[in-house]
Amino acid sequence: MASEVKRLRTGVEGIDELLEGGIPEEFLVAVTGEPGCGKTIFSIHFINQGVIEGDKCIYVTTEESRESIVKQAAQFGMDFSGAIAEGKLIVIDALMGKDDRWSLQGLDLEALVGKIIEAKKELGYGRARVAIDSLSAFWLDKPAMARRYSYFVKKVLSKWNFTILAVSQYAITTAESFGWGIEHIADGIIRFRRLLKGGELRRFVIVEKMRQTNHSRYLHEVDIKPGVGMVVLGRVDRRAEDYKLPPDVVKKILEAKRRSEGVL
């Protein structure tokens with residue numbers, strides 16, 4: 001008989017129900033989407049839920065300062081400042097280049113992984129969560145390295161019993177992840193979308209992949225509420241494909257990109 005899959009709750013009302021209760025322990029999950037669709041807020045929820053459950057929690061920020069992440073969490077009633085003070089959470093700042101123990105001076109992947117392991121040792125023994133927001137920042141200037149870098153992160157951190165959220169930005173024109181390779185390495189893919197309809201910004205989520213999980217295969221609308229954070233509003237009728245550019249347009253864009261890079 002197969003053993004029961006241990007799962008970590010995401011802390012987002014409605015999303016755990018799409019995942020048979022949560023993300024399987026020690027998975028690397030790619031959280032993908034265009035700017036402004038909720039990836040950072042989802043990651044903040046995931047780490048906050050870990051703090052609540054007593055996990056060793058690390059948040060890596062590459063596109064905002066540590067202070068900005070702490071302030072965002074506070075807007076949704078999540079006390080990251082208190083968790084840091086109590087030794088339950090470490091926020092690694094890979095943007096500002098400050099001269100402190102939990103900052104990086106540049107986007108060097110080996111240095112990042114080393115710093116995450118150092119943080120885990122500081123927090124102590126126990127189940128661990130890390131959100132890297134975003135991992136794609138490390139290969140934006142060399143997208144062909146995406147798979148190799150993703151594999152390196154997964155291979156090394158798996159030895160330390162981490163469950164990993166790896167945020168990956170999208171190219172807005174094609175709705176494809178920068179570097180593509182992370183989606184092949186990841187154990188799961190949670191894809192966020194956004195759409196302007198009637199002058200209103202609407203956000204959506206779909207679980208495209210989650211190993212060891214009979215996950216929902218439907219698109220769901222999400223909202224971000226003041227003082228609460230992200231919630232799932234319900235299933236929508238539109239298909240995920242409806243939020244992509246037509247295939248012939250995508251093909252032309254990709255062909256133009258290859259020509260500019262001298263591939264064709």
# chains A, B, ... in the order shown; residues from 1 in each chain; ligands from 1
call {"tool": "closest_atom_pairs", "arguments": {"of": "segment 81-149 of chain A", "to": "segment 40-62 of chain A", "cutoff": "9 Å", "atoms": "only C-alpha atoms", "output": "tab-separated table"}}
result
residue	atom	partner	partner_atom	distance
A:Ala83	CA	A:Val51	CA	7.2
A:Gly87	CA	A:Lys56	CA	8.9
A:Lys88	CA	A:Lys56	CA	6.2
A:Leu89	CA	A:Cys57	CA	4.9
A:Ile90	CA	A:Ile58	CA	4.9
A:Val91	CA	A:Tyr59	CA	4.7
A:Ile92	CA	A:Val60	CA	4.7
A:Asp93	CA	A:Thr61	CA	5.3
A:Ala94	CA	A:Thr62	CA	4.7
A:Leu95	CA	A:Thr62	CA	4.9
A:Met96	CA	A:Thr62	CA	8.5
A:Leu107	CA	A:Thr62	CA	8.0
A:Leu112	CA	A:Val60	CA	8.7
A:Ile116	CA	A:Ile58	CA	7.3
A:Ala119	CA	A:Ile58	CA	7.3
A:Lys120	CA	A:Lys56	CA	7.0
A:Leu123	CA	A:Lys56	CA	6.1
A:Gly124	CA	A:Lys56	CA	7.3
A:Tyr125	CA	A:Lys56	CA	7.8
A:Gly126	CA	A:Lys56	CA	6.4
A:Arg127	CA	A:Asp55	CA	5.3
A:Ala128	CA	A:Lys56	CA	4.5
A:Arg129	CA	A:Cys57	CA	4.9
A:Val130	CA	A:Ile58	CA	4.7
A:Ala131	CA	A:Tyr59	CA	5.0
A:Ile132	CA	A:Val60	CA	4.7
A:Asp133	CA	A:Thr61	CA	5.1
A:Ser134	CA	A:Thr62	CA	6.0
A:Leu135	CA	A:Thr62	CA	8.1
A:Ala137	CA	A:Thr62	CA	6.9
A:Phe138	CA	A:Thr62	CA	8.9
call {"tool": "residues_around", "arguments": {"residues": "Gly229 of chain A", "least_positions_apart": "4", "cutoff": "9 Å", "atoms": "only C-alpha atoms", "output": "VMD selection string"}}
result
chain A and resid 12 41 to 42 45 73 75 to 77 223 to 225
call {"tool": "atom_distance", "arguments": {"atom1": "atom CA of Arg203 of chain A", "atom2": "atom CA of Met230 of chain A"}}
result
10.2 Å
call {"tool": "select_by_dssp", "arguments": {"residues": "segment 22-234 of chain A", "states": "alpha helix (DSSP H)", "output": "mmCIF file with N, CA and C atoms, in the first residue's frame"}}
result
data_model
loop_
_atom_site.group_PDB
_atom_site.id
_atom_site.type_symbol
_atom_site.label_atom_id
_atom_site.label_comp_id
_atom_site.auth_asym_id
_atom_site.auth_seq_id
_atom_site.Cartn_x
_atom_site.Cartn_y
_atom_site.Cartn_z
ATOM 1 N N LYS A 39 1.804 36.515 -7.531
ATOM 2 C CA LYS A 39 2.828 35.521 -7.170
ATOM 3 C C LYS A 39 3.483 35.816 -5.824
ATOM 4 N N THR A 40 3.827 37.087 -5.603
ATOM 5 C CA THR A 40 4.476 37.448 -4.343
ATOM 6 C C THR A 40 3.534 37.270 -3.164
ATOM 7 N N ILE A 41 2.296 37.682 -3.307
ATOM 8 C CA ILE A 41 1.337 37.534 -2.206
ATOM 9 C C ILE A 41 1.103 36.053 -1.893
ATOM 10 N N PHE A 42 1.020 35.224 -2.933
ATOM 11 C CA PHE A 42 0.884 33.781 -2.709
ATOM 12 C C PHE A 42 2.087 33.247 -1.930
ATOM 13 N N SER A 43 3.286 33.699 -2.293
ATOM 14 C CA SER A 43 4.506 33.245 -1.606
ATOM 15 C C SER A 43 4.519 33.697 -0.158
ATOM 16 N N ILE A 44 4.062 34.923 0.095
ATOM 17 C CA ILE A 44 3.986 35.425 1.469
ATOM 18 C C ILE A 44 3.019 34.565 2.294
ATOM 19 N N HIS A 45 1.880 34.209 1.710
ATOM 20 C CA HIS A 45 0.936 33.308 2.391
ATOM 21 C C HIS A 45 1.602 31.986 2.757
ATOM 22 N N PHE A 46 2.320 31.403 1.796
ATOM 23 C CA PHE A 46 2.951 30.103 2.000
ATOM 24 C C PHE A 46 3.933 30.145 3.175
ATOM 25 N N ILE A 47 4.736 31.206 3.228
ATOM 26 C CA ILE A 47 5.701 31.321 4.312
ATOM 27 C C ILE A 47 5.001 31.624 5.637
ATOM 28 N N ASN A 48 3.996 32.468 5.627
ATOM 29 C CA ASN A 48 3.262 32.775 6.854
ATOM 30 C C ASN A 48 2.602 31.523 7.434
ATOM 31 N N GLN A 49 2.055 30.677 6.553
ATOM 32 C CA GLN A 49 1.448 29.435 7.032
ATOM 33 C C GLN A 49 2.496 28.547 7.685
ATOM 34 N N GLY A 50 3.708 28.558 7.138
ATOM 35 C CA GLY A 50 4.799 27.802 7.750
ATOM 36 C C GLY A 50 5.148 28.318 9.131
ATOM 37 N N VAL A 51 5.162 29.635 9.293
ATOM 38 C CA VAL A 51 5.425 30.221 10.611
ATOM 39 C C VAL A 51 4.354 29.760 11.601
ATOM 40 N N ILE A 52 3.099 29.781 11.175
ATOM 41 C CA ILE A 52 1.986 29.360 12.033
ATOM 42 C C ILE A 52 2.145 27.904 12.454
ATOM 43 N N GLU A 53 2.602 27.062 11.530
ATOM 44 C CA GLU A 53 2.707 25.628 11.802
ATOM 45 C C GLU A 53 4.036 25.228 12.430
ATOM 46 N N ARG A 66 13.804 43.790 1.695
ATOM 47 C CA ARG A 66 13.289 43.042 2.848
ATOM 48 C C ARG A 66 12.159 43.822 3.523
ATOM 49 N N GLU A 67 12.347 45.126 3.666
ATOM 50 C CA GLU A 67 11.350 45.966 4.326
ATOM 51 C C GLU A 67 10.028 45.964 3.569
ATOM 52 N N SER A 68 10.101 45.952 2.238
ATOM 53 C CA SER A 68 8.890 45.938 1.429
ATOM 54 C C SER A 68 8.096 44.653 1.638
ATOM 55 N N ILE A 69 8.776 43.530 1.701
ATOM 56 C CA ILE A 69 8.097 42.243 1.929
ATOM 57 C C ILE A 69 7.432 42.228 3.301
ATOM 58 N N VAL A 70 8.141 42.711 4.307
ATOM 59 C CA VAL A 70 7.582 42.746 5.663
ATOM 60 C C VAL A 70 6.335 43.638 5.708
ATOM 61 N N LYS A 71 6.380 44.792 5.015
ATOM 62 C CA LYS A 71 5.231 45.697 4.983
ATOM 63 C C LYS A 71 4.043 45.078 4.252
ATOM 64 N N GLN A 72 4.315 44.379 3.128
ATOM 65 C CA GLN A 72 3.225 43.714 2.409
ATOM 66 C C GLN A 72 2.542 42.679 3.290
ATOM 67 N N ALA A 73 3.346 41.887 3.978
ATOM 68 C CA ALA A 73 2.780 40.867 4.868
ATOM 69 C C ALA A 73 1.890 41.511 5.919
ATOM 70 N N ALA A 74 2.352 42.642 6.480
ATOM 71 C CA ALA A 74 1.585 43.325 7.523
ATOM 72 C C ALA A 74 0.241 43.822 7.003
ATOM 73 N N GLN A 75 0.188 44.203 5.725
ATOM 74 C CA GLN A 75 -1.077 44.670 5.146
ATOM 75 C C GLN A 75 -2.151 43.588 5.155
ATOM 76 N N PHE A 80 5.402 39.334 9.881
ATOM 77 C CA PHE A 80 6.750 38.871 9.534
ATOM 78 C C PHE A 80 7.788 39.503 10.458
ATOM 79 N N SER A 81 7.571 40.745 10.844
ATOM 80 C CA SER A 81 8.514 41.419 11.731
ATOM 81 C C SER A 81 8.652 40.664 13.051
ATOM 82 N N GLY A 82 7.518 40.257 13.605
ATOM 83 C CA GLY A 82 7.548 39.503 14.847
ATOM 84 C C GLY A 82 8.179 38.135 14.676
ATOM 85 N N ALA A 83 7.880 37.484 13.552
ATOM 86 C CA ALA A 83 8.443 36.158 13.292
ATOM 87 C C ALA A 83 9.959 36.219 13.158
ATOM 88 N N ILE A 84 10.456 37.293 12.525
ATOM 89 C CA ILE A 84 11.904 37.473 12.403
ATOM 90 C C ILE A 84 12.524 37.664 13.782
ATOM 91 N N ALA A 85 11.907 38.513 14.595
ATOM 92 C CA ALA A 85 12.423 38.793 15.938
ATOM 93 C C ALA A 85 12.437 37.549 16.821
ATOM 94 N N LEU A 109 23.913 32.377 -7.874
ATOM 95 C CA LEU A 109 23.067 31.276 -7.413
ATOM 96 C C LEU A 109 23.740 30.430 -6.340
ATOM 97 N N GLU A 110 25.012 30.145 -6.496
ATOM 98 C CA GLU A 110 25.705 29.357 -5.481
ATOM 99 C C GLU A 110 25.746 30.099 -4.152
ATOM 100 N N ALA A 111 25.940 31.423 -4.214
ATOM 101 C CA ALA A 111 25.927 32.218 -2.987
ATOM 102 C C ALA A 111 24.547 32.184 -2.345
ATOM 103 N N LEU A 112 23.495 32.229 -3.178
ATOM 104 C CA LEU A 112 22.132 32.168 -2.646
ATOM 105 C C LEU A 112 21.876 30.852 -1.926
ATOM 106 N N VAL A 113 22.209 29.747 -2.582
ATOM 107 C CA VAL A 113 21.970 28.435 -1.975
ATOM 108 C C VAL A 113 22.756 28.293 -0.677
ATOM 109 N N GLY A 114 23.994 28.785 -0.690
ATOM 110 C CA GLY A 114 24.791 28.749 0.528
ATOM 111 C C GLY A 114 24.163 29.557 1.646
ATOM 112 N N LYS A 115 23.590 30.705 1.291
ATOM 113 C CA LYS A 115 22.946 31.567 2.294
ATOM 114 C C LYS A 115 21.665 30.916 2.829
ATOM 115 N N ILE A 116 20.913 30.227 1.964
ATOM 116 C CA ILE A 116 19.707 29.528 2.415
ATOM 117 C C ILE A 116 20.067 28.423 3.404
ATOM 118 N N ILE A 117 21.121 27.680 3.115
ATOM 119 C CA ILE A 117 21.561 26.616 4.022
ATOM 120 C C ILE A 117 22.037 27.209 5.348
ATOM 121 N N GLU A 118 22.762 28.328 5.274
ATOM 122 C CA GLU A 118 23.201 29.016 6.500
ATOM 123 C C GLU A 118 21.990 29.444 7.334
ATOM 124 N N ALA A 119 20.956 29.948 6.663
ATOM 125 C CA ALA A 119 19.743 30.370 7.365
ATOM 126 C C ALA A 119 19.049 29.182 8.019
ATOM 127 N N LYS A 120 19.017 28.053 7.321
ATOM 128 C CA LYS A 120 18.392 26.846 7.896
ATOM 129 C C LYS A 120 19.139 26.402 9.155
ATOM 130 N N LYS A 121 20.454 26.461 9.124
ATOM 131 C CA LYS A 121 21.240 26.098 10.303
ATOM 132 C C LYS A 121 20.940 27.049 11.457
ATOM 133 N N GLU A 122 20.753 28.334 11.133
ATOM 134 C CA GLU A 122 20.439 29.328 12.159
ATOM 135 C C GLU A 122 19.068 29.064 12.782
ATOM 136 N N LEU A 123 18.098 28.686 11.952
ATOM 137 C CA LEU A 123 16.734 28.459 12.439
ATOM 138 C C LEU A 123 16.618 27.149 13.214
ATOM 139 N N ALA A 146 18.304 28.126 -17.401
ATOM 140 C CA ALA A 146 17.182 27.945 -16.469
ATOM 141 C C ALA A 146 17.099 26.522 -15.939
ATOM 142 N N ARG A 147 17.183 25.538 -16.810
ATOM 143 C CA ARG A 147 17.035 24.152 -16.356
ATOM 144 C C ARG A 147 18.190 23.752 -15.444
ATOM 145 N N ARG A 148 19.406 24.110 -15.826
ATOM 146 C CA ARG A 148 20.564 23.743 -15.017
ATOM 147 C C ARG A 148 20.495 24.395 -13.638
ATOM 148 N N TYR A 149 20.145 25.679 -13.595
ATOM 149 C CA TYR A 149 20.064 26.378 -12.318
ATOM 150 C C TYR A 149 18.950 25.809 -11.446
ATOM 151 N N SER A 150 17.803 25.516 -12.058
ATOM 152 C CA SER A 150 16.680 24.954 -11.306
ATOM 153 C C SER A 150 17.049 23.597 -10.726
ATOM 154 N N TYR A 151 17.729 22.787 -11.516
ATOM 155 C CA TYR A 151 18.150 21.456 -11.055
ATOM 156 C C TYR A 151 19.126 21.575 -9.892
ATOM 157 N N PHE A 152 20.041 22.542 -9.981
ATOM 158 C CA PHE A 152 21.020 22.756 -8.908
ATOM 159 C C PHE A 152 20.315 23.100 -7.599
ATOM 160 N N VAL A 153 19.373 24.023 -7.656
ATOM 161 C CA VAL A 153 18.633 24.426 -6.456
ATOM 162 C C VAL A 153 17.884 23.233 -5.870
ATOM 163 N N LYS A 154 17.194 22.495 -6.721
ATOM 164 C CA LYS A 154 16.409 21.352 -6.258
ATOM 165 C C LYS A 154 17.304 20.266 -5.658
ATOM 166 N N LYS A 155 18.401 19.949 -6.318
ATOM 167 C CA LYS A 155 19.281 18.881 -5.864
ATOM 168 C C LYS A 155 19.913 19.200 -4.516
ATOM 169 N N VAL A 156 20.410 20.422 -4.354
ATOM 170 C CA VAL A 156 21.106 20.780 -3.117
ATOM 171 C C VAL A 156 20.132 20.954 -1.956
ATOM 172 N N LEU A 157 19.051 21.709 -2.165
ATOM 173 C CA LEU A 157 18.151 22.003 -1.049
ATOM 174 C C LEU A 157 17.312 20.802 -0.631
ATOM 175 N N SER A 158 17.123 19.835 -1.543
ATOM 176 C CA SER A 158 16.369 18.630 -1.170
ATOM 177 C C SER A 158 17.084 17.851 -0.062
ATOM 178 N N ILE A 182 12.644 25.594 -15.927
ATOM 179 C CA ILE A 182 12.176 25.357 -14.566
ATOM 180 C C ILE A 182 10.923 24.501 -14.552
ATOM 181 N N GLU A 183 10.076 24.612 -15.562
ATOM 182 C CA GLU A 183 8.824 23.862 -15.567
ATOM 183 C C GLU A 183 9.063 22.366 -15.790
ATOM 184 N N HIS A 184 10.203 22.010 -16.378
ATOM 185 C CA HIS A 184 10.545 20.596 -16.552
ATOM 186 C C HIS A 184 11.130 20.007 -15.266
ATOM 187 N N ILE A 185 11.841 20.835 -14.520
ATOM 188 C CA ILE A 185 12.475 20.380 -13.287
ATOM 189 C C ILE A 185 11.487 20.336 -12.132
#
call {"tool": "closest_residue", "arguments": {"among": "A:Arg235, A:Lys98, A:Lys159, A:Arg211", "to": "Glu20 of chain A", "atoms": "only C-alpha atoms"}}
result
A:Arg211
call {"tool": "residues_around", "arguments": {"residues": "Ile189 of chain A", "least_positions_apart": "6", "cutoff": "8 Å", "atoms": "only C-alpha atoms", "output": "list in words"}}
result
Val29, Ala30, Val31, Thr32, Glu183, Val207, Glu208, Lys209 and Met210 of chain A
call {"tool": "residues_around", "arguments": {"residues": "Phe27 of chain A", "least_positions_apart": "4", "cutoff": "8 Å", "atoms": "only C-alpha atoms", "output": "PyMOL selection string"}}
result
chain A and resi 23+162-164+186-188
call {"tool": "write_last_selection", "arguments": {"atoms": "C-alpha atoms", "output": "tab-separated table (two decimals), in the first residue's frame"}}
result
chain	number	residue	atom	x	y	z
A	23	ILE	CA	1.74	20.90	-1.64
A	162	PHE	CA	13.09	22.01	2.07
A	163	THR	CA	9.76	22.47	0.34
A	164	ILE	CA	10.50	25.15	-2.25
A	186	ALA	CA	9.61	21.40	-11.00
A	187	ASP	CA	7.46	18.84	-9.22
A	188	GLY	CA	4.51	21.20	-9.55
call {"tool": "residues_around", "arguments": {"residues": "segment 213-219 of chain A", "least_positions_apart": "4", "cutoff": "12 Å", "atoms": "only C-alpha atoms", "output": "ChimeraX atom specification"}}
result
/A:4-7,14-25,27,187-194,203-209,232-243
